[in-house]
Amino acid sequence: MLLGLLIEVSVRAADSDLDRLMALLATRVHGHVSFVEEDELAVLDRPVRSSGELFYDRPDRLEKRTLAPHPASVILEHGSITIQSHGHEHVLALRDYPQVAPFVESLRATLAGDRQALEQVFQVTFAGTLERWTLTLVPSDAKLKSVAQLIHIDGERDELHSVSITLADGDRSVMTIGSSLPP
Amino acid sequence: MTRPRIVPLALWVIATVLAAIVVARANYSADLSAFLPRAPSARQQLLVEQLRDGPASRLLLIAIEASDAAARAQLSLAIARQLRGDPQFASVDNGEPINQERDRDFLFEHRYLMSEAVTAQRFTVEGLNSAIDDTIAILASPAGLIAKPLLPRDPTGEFLQVLNQLDRTAQPHTFEGVWASPDGARALLLASTRAPGSDLDAQERAMQAIRAAFTAAQHASAEPSVRATRLVLTGPPVFAVAARATIKHEAVRLSIVSTLLIVTLLLAVYRSLPVLLLGLLPVTSGALAGIAAVALGFGVVHGITLGFGITLIGESVDYSIYLFVQSRRPSDGSADSQRRERVLWRTILLGVLTSVCGFASLLPSGFPGLSQLGLYSIAGLIAAAAVTRFVLPSLMPRSFQVRDLTALGKRAAQILLHVRAWRWLLGIIAVLALVMLYLQRDALWNRDLGALSPVSGGAQVLDAKLRADLGAPDVSDFIVVTGSDLQTMLRDCEKIAAALDPLITNRTIGGFDSPARYLPSIAAQSERRASLPDSEELRARLHAATATLAVNSERLEPFVQDVARARTAPLVTIADLKGTSFEAGFDALTMRQHEKWIALLPLHAAQTTVPPSVSAMSEVRAAVEHAAPGQALLLNLKSESDALYSSYLSEALRLSGAGLAAIVVLLFITLRSPTRVAGVVAPLVLAVLAVASGLLIGGRSLTIMHLIGMLLIVAVGSNYALFFDRTEVDQNAGTAPAPLTLASLLIANATTVVGFGVLGFSQVPVLAALGSTVAPGAFLALVFSAALSRARAPHLTRLQ
C-alpha cells in the first residue's frame with residue numbers, strides 16, 4: 001500500500017512537474033540562442049554539421065538562422081515555413097506537409113509551453129526535475145511514427161540544452177543549444 | 001372630321017407599323033458596351049472586356065457562418081464535393097488537397113521543363129556543386145524530410161524550385177482541414193464558373209446551384225449544429241445578378257406605381273377612359289419612334305437607353321394634356337378657337353424645339369449611352385408632338401369633354417399672385433445657390449464610377465471582408481498581355497516576368513501571377529531541355545561537382561536517369577494540365593478570343609495592405625513596355641474606369657453647355673426680344689441651380705445622371721416658361737386665356753412630379769438621381785416661371 005501511494009505521488013509529481021515546466025517555459029516572450037547541429041543521414045557519406053542562431057517570439061515565430069557552413073534561414077511563422085538560402089526563398093505551407101509539421105511543432109510548442117499542442121501529436125513523458133529535465137516525445141499517430149521514432153528534449157529550468165530527433169529510417173539529428181545571446 | 005385629316009392618320013398608321021417592324025427586328029444589348037466609347041483605345045477595350053468577361057468576373061466567394069467549426073468544415077466539404085461534380089463550375093477550392101497527388105506527380109515529372117532555374121549554367125560543375133550544396137543545407141532543415149527521399153533523383157532541388165514558383169501568394173488559413181477566416185469564424189470556398197461573367201443567367205444558375213448544394217448538405221445531416229449554419233455569397237457575379245434583379249424589380253414596381261398615380265390623376269381630369277387612352281397615344285408613338293430611330297441610327301439599342309428613354313413620358317404626356325385641357329372640346333371652327341389653337345401649337349412647337357436643342361447636344365457624345373439617349377429623345381419628342389398635333393384632334397370623339405378646369409385655373413392664378421409677391425426671394429435663392437455651388441466647386445461632380453454602382457455599401461463591405469479573410473485582395477492592377485497565338489502570349493509573359501524580377505527583389509512590388517508559370521512557352525521549355533547534358537557528360541560533371549560535398553555522385557544515378565528521360569520527353573502542352581489544379585490556375589489568368597490569347601498578370605503590392613505606389617507602378621510600366629512593346633499594357637481597373645467615366649462626364653458637361661447656348665439662340669430667333677428670352681431662360685436656370693445646390697446640401701455630389709436630370713428640367717420646364725411668355729403676349733393683346741392654360745400646366749406638372757418623384761425613391765442610384773433631380777426641378781421650374789412672368793397684377797386680378 002505504501003508502495004502504491006509512493007507511485008501515485010511520484011506520478012502526480014511528474015505530472016505537475018510537466019505542468020510547472022510548461023508554465024515556466026510559457027513565461028518566455030523572446031529567445032535568442034546559439035546552436036550547433038549534427039545530422040547523420042544515410043543518403044550522405046558523412047554527418048552534416050551546421051551552426052547558427054535560434055530566435056523565438058511567443059507564440060508561433062521560430063527562426064533558425066544557419067551561419068555556417070552556408071548562411072541560410074528557416075522561419076516558421078503563422079503555419080508556413082520560409083526557407084532562405086543563396087538568395088532564393090522557398091515558402092512552404094505547413095498544412096501541405098503533414099509529415100513535417102509535427103517536428104516543427106514539437107520545438108515550437110515546447111518553447112511556448114503549450115502542453116495541449118504537444119499532447120495532440122505526441123505522448124509526452126517528463127523525466128528528471130525542473131532543474132534538470134528530459135522530455136521524451138513519441139508520436140501518437142501511426143503514420144507519423146513511420147517517419148519519426150522519438151524526440152528527446154533536454155533542459156535546465158526554462159533553458160533548452162538539446163533536441164535530438166531519431167527518424168524511423170535511422171537518420172538522426174542532434175541540435176545542441178548554447179547559451180543565451182543578447183536579444 | 002374634315003377630309004384632309006385622313007392623310008395624317010394614314011401616315012401615322014404606316015409610320016407606326018414601320019416603326020414596330022424596326023423595333024421588333026432591332027438588336028438589343030444589355031452588356032457593358034454602352035459604356036465603351038465609340039472609338040475605344042486598346043486600353044479601354046481591354047477594360048470593358050475585363051469587367052465583362054475577365055476571370056475575376058467569374059469568381060464567387062462562398063462563406064459558411066454561424067454554428068461551430070466542425071459543422072462548417074463538414075458543410076464546406078459537402079458543398080465542394082457537390083459543386084466539383086457540376087459542369088457549370090470550372091473550379092471549386094476550399095483548401096482540400098484535392099489534386100495534391102496529381103499536382104505533385106505533374107510537377108515532379110516535368111520539373112526540368114518547368115523550373116525557371118534550369119539553365120546551361122545550372123548543369124556545369126560549379127552550378128551542380130552549388131545546387132547540390134543548397135539541397136544538402138535544406139536536408140538539415142525541417143523541410144529536409146521532404147527533400148531527403150528526393151535527393152537521389154533531384155539533388156539540384158528542381159522540385160522545390162517549381163513548387164516555389166507556383167506558390168508565391170499567401171494561402172488562406174485552415175481550420176478543420178478547410179479554408180477559414182483568420183479568426184476561424186467562417187469557412188471559405190472559392191468557385192469559378194465556366195460561363196463568362198456577362199452571362200448573367202448562367203451566373204444566376206451557378207448561384208442557385210451553390211445555394212441548393214448548401215441546403216442539400218444541411219438537410220443531409222441530422223445534427224443541429226450543421227443545421228444552424230448560414231450561407232453567404234459574394235463576388236462580381238453576385239453583384240451583377242443582384243443589380244439586374246434590383247433594376248428589374250424597381251423598374252417594374254416604380255413604373256406600376258407612377259403609371260397608377262398618373263392614370264388616376266388624368267382620369268380625374270378627363271373623366272373618360274377613351275380620352276385617357278388617347279392621351280397615351282403620343283407617349284407610345286414617341287417611344288416607338290425613339291427606339292426605331294436608335295435602332296436605325298446605331299444598329300443596336302442599349303438596354304440603358306430604353307430605361308432612361310421611358311422618362312420621356314414625362315414630357316410627351318404633357319402635350320396631350322395641353323391639348324385636351326386648353327381646348328376643352330374639339331375645334332368648333334370659330335375664328336377665336338382657331339386663333340387659340342394656332343397659339344397653342346406655336347408654343348408647343350417652340351417647347352419641342354427647345355427640348356430638341358437640349359437633347360441634340362448629347363448626340364455627338366463619345367458615350368454611346370448618352371448619344372442614344374439624345375437621338376431617342378429627339379425622335380420621341382418630335383413624334384409625340386406630331387401625333388398630338390395631327391392625329392389626336394381627328395381621333396377625339398365628338399362628345400369629347402374634359403372636366404371644366406377653369407375654377408382650378410382661377411385658384412392657381414390667385415396663388416400665382418402670392419407667389420409673385422415673393423418673387424424677390426428668387427434673387428436670394430439664386431445668390432445662395434451660386435455661393436453654395438462656388439464653395440463646393442471642387443466636390444461638385446462625383447467622378448467616381450462607384451457612385452453609380454447599384455451595389456449597396458453593405459454588400460461591398462462584406463465582399464471586402466471575405467476577400468481579406470481569403471488573403472485575396474481585390475486586385476485592380478493588371479498587366480494585360482495580348483498575343484496573336486498562345487505561344488506568342490506565353491513568350492511575352494516570360495519576357496515580362498524577367499523584366500519584373502528585379503522589381504520584386506528590390507521590393508518595389510510584392511509579386512505577380514503569370515500563366516507561363518503553369519505552362520511555360522515551348523521556346524522556354526525547349527531551351528531548358530537543350531541545357532540538359534547527356535548522361536555520360538552529366539556523370540562526369542557530377543563526379544567533379546560532388547568532390548567537396550557530403551554526397552557521393554554514385555548515389556545520384558537516379559538523377560542521371562531522370563535527366564536522360566527529360567532530354568527526350570515531349571514538352572508540356574495545355575492538354576497536360578488537365579486534371580491538375582494548374583488547369584484552373586491557368587484558366588483564371590487567361591482569356592481566349594478566337595485565335596487571340598489574352599493573359600492577365602495580377603500585380604501584388606509589396607505590402608498586402610496597401611496598393612502599389614504610383615512610382616512603383618510607373619517603374620512597372622516602364623519595365624513592361626520595354627519587355628514587350630506594343631503587346632502588353634498596365635491596367636488599373638479602378639482608375640481606368642473612373643477616368644473613362646470622368647471623361648464622359650466632362651464631355652456631357654461641355655455638350656450640355658452647348659445645348660443651353662443653342663436653346664438661347666433658338667429663343668432669340670423666335671421670340672426676338674432679349675427680355676422675353678431672359679423671361680424664359682431665367683426660371684429654368686434658377687430651377688437647375690436650386691436643385692443642384694439642394695442636392696449638395698442633402699450631402700450628394702452630382703453624377704452624370706443628375707446632369708441628364710437637369711437637361712430634362714430644361715426640356716420640360718421650357719414648356720412652362722413658354723406658356724407664361726405667351727400669356728404675357730396674349731395679355732398685351734388684351735385677351736385672357738390664363739385660367740385653362742394655368743390648369744393644364746398644373747396638371748402636366750403634377751404628372752411629371754409624380755412620375756419622377758416615385759423614381760426618386762428607387763434603390764438604384766441612377767434612377768434615384770434622375771428622380772430626385774427632375775421632380776423638384778420641374779416643380780420649381782413651374783413656380784419660378786410663374787413668379788417671373790411679367791404679366792401685370794391687374795390682369796391677373798381681372799381673372800377672378
# chains A, B, ... in the order shown; residues from 1 in each chain; ligands from 1

call {"tool": "select_by_dssp", "arguments": {"residues": "stretch 541-632 of chain B", "states": "alpha helix (DSSP H)", "output": "ChimeraX atom specification"}}
result
/B:541-545,557-568,581-587,614-627

call {"tool": "interface_residues", "arguments": {"of": "chain B", "to": "chain A", "cutoff": "6 Å", "atoms": "only C-alpha atoms", "output": "number ranges by chain"}}
result
B: 164, 550-551

call {"tool": "write_last_selection", "arguments": {"atoms": "N, CA and C atoms", "output": "compact mmCIF listing (two decimals), in the first residue's frame"}}
result
# COMPACT_ATOMS: atom_id res chain seq x y z
N ASN B 164 7.96 26.44 -55.45
CA ASN B 164 8.08 27.82 -55.00
C ASN B 164 7.61 28.81 -56.07
N ALA B 550 29.12 16.25 -49.20
CA ALA B 550 28.89 15.08 -48.36
C ALA B 550 28.17 13.96 -49.07
N VAL B 551 27.88 14.15 -50.34
CA VAL B 551 27.16 13.10 -51.04
C VAL B 551 28.03 12.53 -52.15

call {"tool": "residues_around", "arguments": {"residues": "B:Arg491", "least_positions_apart": "2", "cutoff": "10 Å", "atoms": "only C-alpha atoms", "output": "PyMOL selection string"}}
result
chain B and resi 483+486-489+493-497+516+520-524+628

call {"tool": "write_last_selection", "arguments": {"atoms": "N, CA and C atoms", "output": "PDB file, in the first residue's frame"}}
result
ATOM      1  N   GLY B 483      -1.640  38.290 -77.282  1.00  0.00           N
ATOM      2  CA  GLY B 483      -0.807  37.587 -78.250  1.00  0.00           C
ATOM      3  C   GLY B 483      -1.646  37.070 -79.399  1.00  0.00           C
ATOM      4  N   LEU B 486      -1.208  31.443 -78.668  1.00  0.00           N
ATOM      5  CA  LEU B 486      -0.854  31.061 -77.302  1.00  0.00           C
ATOM      6  C   LEU B 486       0.639  31.231 -77.026  1.00  0.00           C
ATOM      7  N   GLN B 487       1.493  30.739 -77.964  1.00  0.00           N
ATOM      8  CA  GLN B 487       2.930  30.768 -77.720  1.00  0.00           C
ATOM      9  C   GLN B 487       3.482  32.188 -77.655  1.00  0.00           C
ATOM     10  N   THR B 488       2.962  33.065 -78.529  1.00  0.00           N
ATOM     11  CA  THR B 488       3.425  34.458 -78.508  1.00  0.00           C
ATOM     12  C   THR B 488       3.083  35.079 -77.149  1.00  0.00           C
ATOM     13  N   MET B 489       1.863  34.801 -76.698  1.00  0.00           N
ATOM     14  CA  MET B 489       1.431  35.354 -75.421  1.00  0.00           C
ATOM     15  C   MET B 489       2.311  34.844 -74.274  1.00  0.00           C
ATOM     16  N   CYS B 493       4.769  36.872 -71.763  1.00  0.00           N
ATOM     17  CA  CYS B 493       4.630  36.778 -70.301  1.00  0.00           C
ATOM     18  C   CYS B 493       5.981  36.479 -69.671  1.00  0.00           C
ATOM     19  N   GLU B 494       6.749  35.610 -70.302  1.00  0.00           N
ATOM     20  CA  GLU B 494       8.059  35.247 -69.749  1.00  0.00           C
ATOM     21  C   GLU B 494       9.027  36.430 -69.808  1.00  0.00           C
ATOM     22  N   LYS B 495       8.952  37.186 -70.923  1.00  0.00           N
ATOM     23  CA  LYS B 495       9.830  38.361 -71.035  1.00  0.00           C
ATOM     24  C   LYS B 495       9.492  39.366 -69.936  1.00  0.00           C
ATOM     25  N   ILE B 496       8.187  39.536 -69.705  1.00  0.00           N
ATOM     26  CA  ILE B 496       7.758  40.483 -68.680  1.00  0.00           C
ATOM     27  C   ILE B 496       8.188  39.993 -67.295  1.00  0.00           C
ATOM     28  N   ALA B 497       8.062  38.697 -67.082  1.00  0.00           N
ATOM     29  CA  ALA B 497       8.477  38.135 -65.790  1.00  0.00           C
ATOM     30  C   ALA B 497       9.951  38.429 -65.534  1.00  0.00           C
ATOM     31  N   ALA B 516       2.342  31.686 -67.589  1.00  0.00           N
ATOM     32  CA  ALA B 516       3.546  30.989 -68.051  1.00  0.00           C
ATOM     33  C   ALA B 516       4.190  30.182 -66.918  1.00  0.00           C
ATOM     34  N   PRO B 520       4.935  26.914 -69.274  1.00  0.00           N
ATOM     35  CA  PRO B 520       5.996  27.691 -69.916  1.00  0.00           C
ATOM     36  C   PRO B 520       5.858  27.594 -71.438  1.00  0.00           C
ATOM     37  N   SER B 521       6.334  28.620 -72.128  1.00  0.00           N
ATOM     38  CA  SER B 521       6.247  28.594 -73.595  1.00  0.00           C
ATOM     39  C   SER B 521       7.108  27.453 -74.142  1.00  0.00           C
ATOM     40  N   ILE B 522       6.788  27.049 -75.354  1.00  0.00           N
ATOM     41  CA  ILE B 522       7.568  25.988 -76.000  1.00  0.00           C
ATOM     42  C   ILE B 522       9.036  26.411 -76.104  1.00  0.00           C
ATOM     43  N   ALA B 523       9.227  27.699 -76.401  1.00  0.00           N
ATOM     44  CA  ALA B 523      10.598  28.200 -76.531  1.00  0.00           C
ATOM     45  C   ALA B 523      11.360  28.018 -75.218  1.00  0.00           C
ATOM     46  N   ALA B 524      10.726  28.420 -74.103  1.00  0.00           N
ATOM     47  CA  ALA B 524      11.406  28.318 -72.805  1.00  0.00           C
ATOM     48  C   ALA B 524      11.657  26.855 -72.454  1.00  0.00           C
ATOM     49  N   ALA B 628       7.886  43.972 -73.601  1.00  0.00           N
ATOM     50  CA  ALA B 628       7.001  43.503 -74.668  1.00  0.00           C
ATOM     51  C   ALA B 628       6.304  44.705 -75.279  1.00  0.00           C
TER      52      ALA B 628
END

call {"tool": "select_by_dssp", "arguments": {"residues": "stretch 417-614 of chain B", "states": "strand (DSSP E or B)", "output": "ChimeraX atom specification"}}
result
/B:445,477-483,511-512,590-593,596-604

call {"tool": "atom_distance", "arguments": {"atom1": "atom CA of B:Met710", "atom2": "atom CA of B:Val753"}}
result
13.9 Å

call {"tool": "residues_around", "arguments": {"residues": "stretch 18-25 of chain B", "least_positions_apart": "4", "cutoff": "8 Å", "atoms": "only C-alpha atoms", "output": "compact mmCIF listing (two decimals) with N, CA and C atoms, in the first residue's frame"}}
result
# COMPACT_ATOMS: atom_id res chain seq x y z
N ILE B 14 -49.09 54.04 -91.01
CA ILE B 14 -47.96 53.44 -91.75
C ILE B 14 -46.67 53.59 -90.95
N LEU B 288 -42.03 54.40 -79.47
CA LEU B 288 -41.79 53.54 -80.64
C LEU B 288 -40.84 54.24 -81.62
N ALA B 289 -41.14 55.50 -81.90
CA ALA B 289 -40.31 56.26 -82.83
C ALA B 289 -38.89 56.38 -82.30
N ILE B 291 -37.22 54.34 -80.20
CA ILE B 291 -36.47 53.08 -80.30
C ILE B 291 -36.11 52.80 -81.76
N ALA B 292 -37.08 53.03 -82.66
CA ALA B 292 -36.83 52.77 -84.08
C ALA B 292 -35.68 53.66 -84.57
N ALA B 295 -32.45 52.27 -83.28
CA ALA B 295 -32.10 51.03 -83.98
C ALA B 295 -31.55 51.33 -85.36
N LEU B 296 -32.19 52.27 -86.06
CA LEU B 296 -31.73 52.61 -87.40
C LEU B 296 -30.42 53.38 -87.36
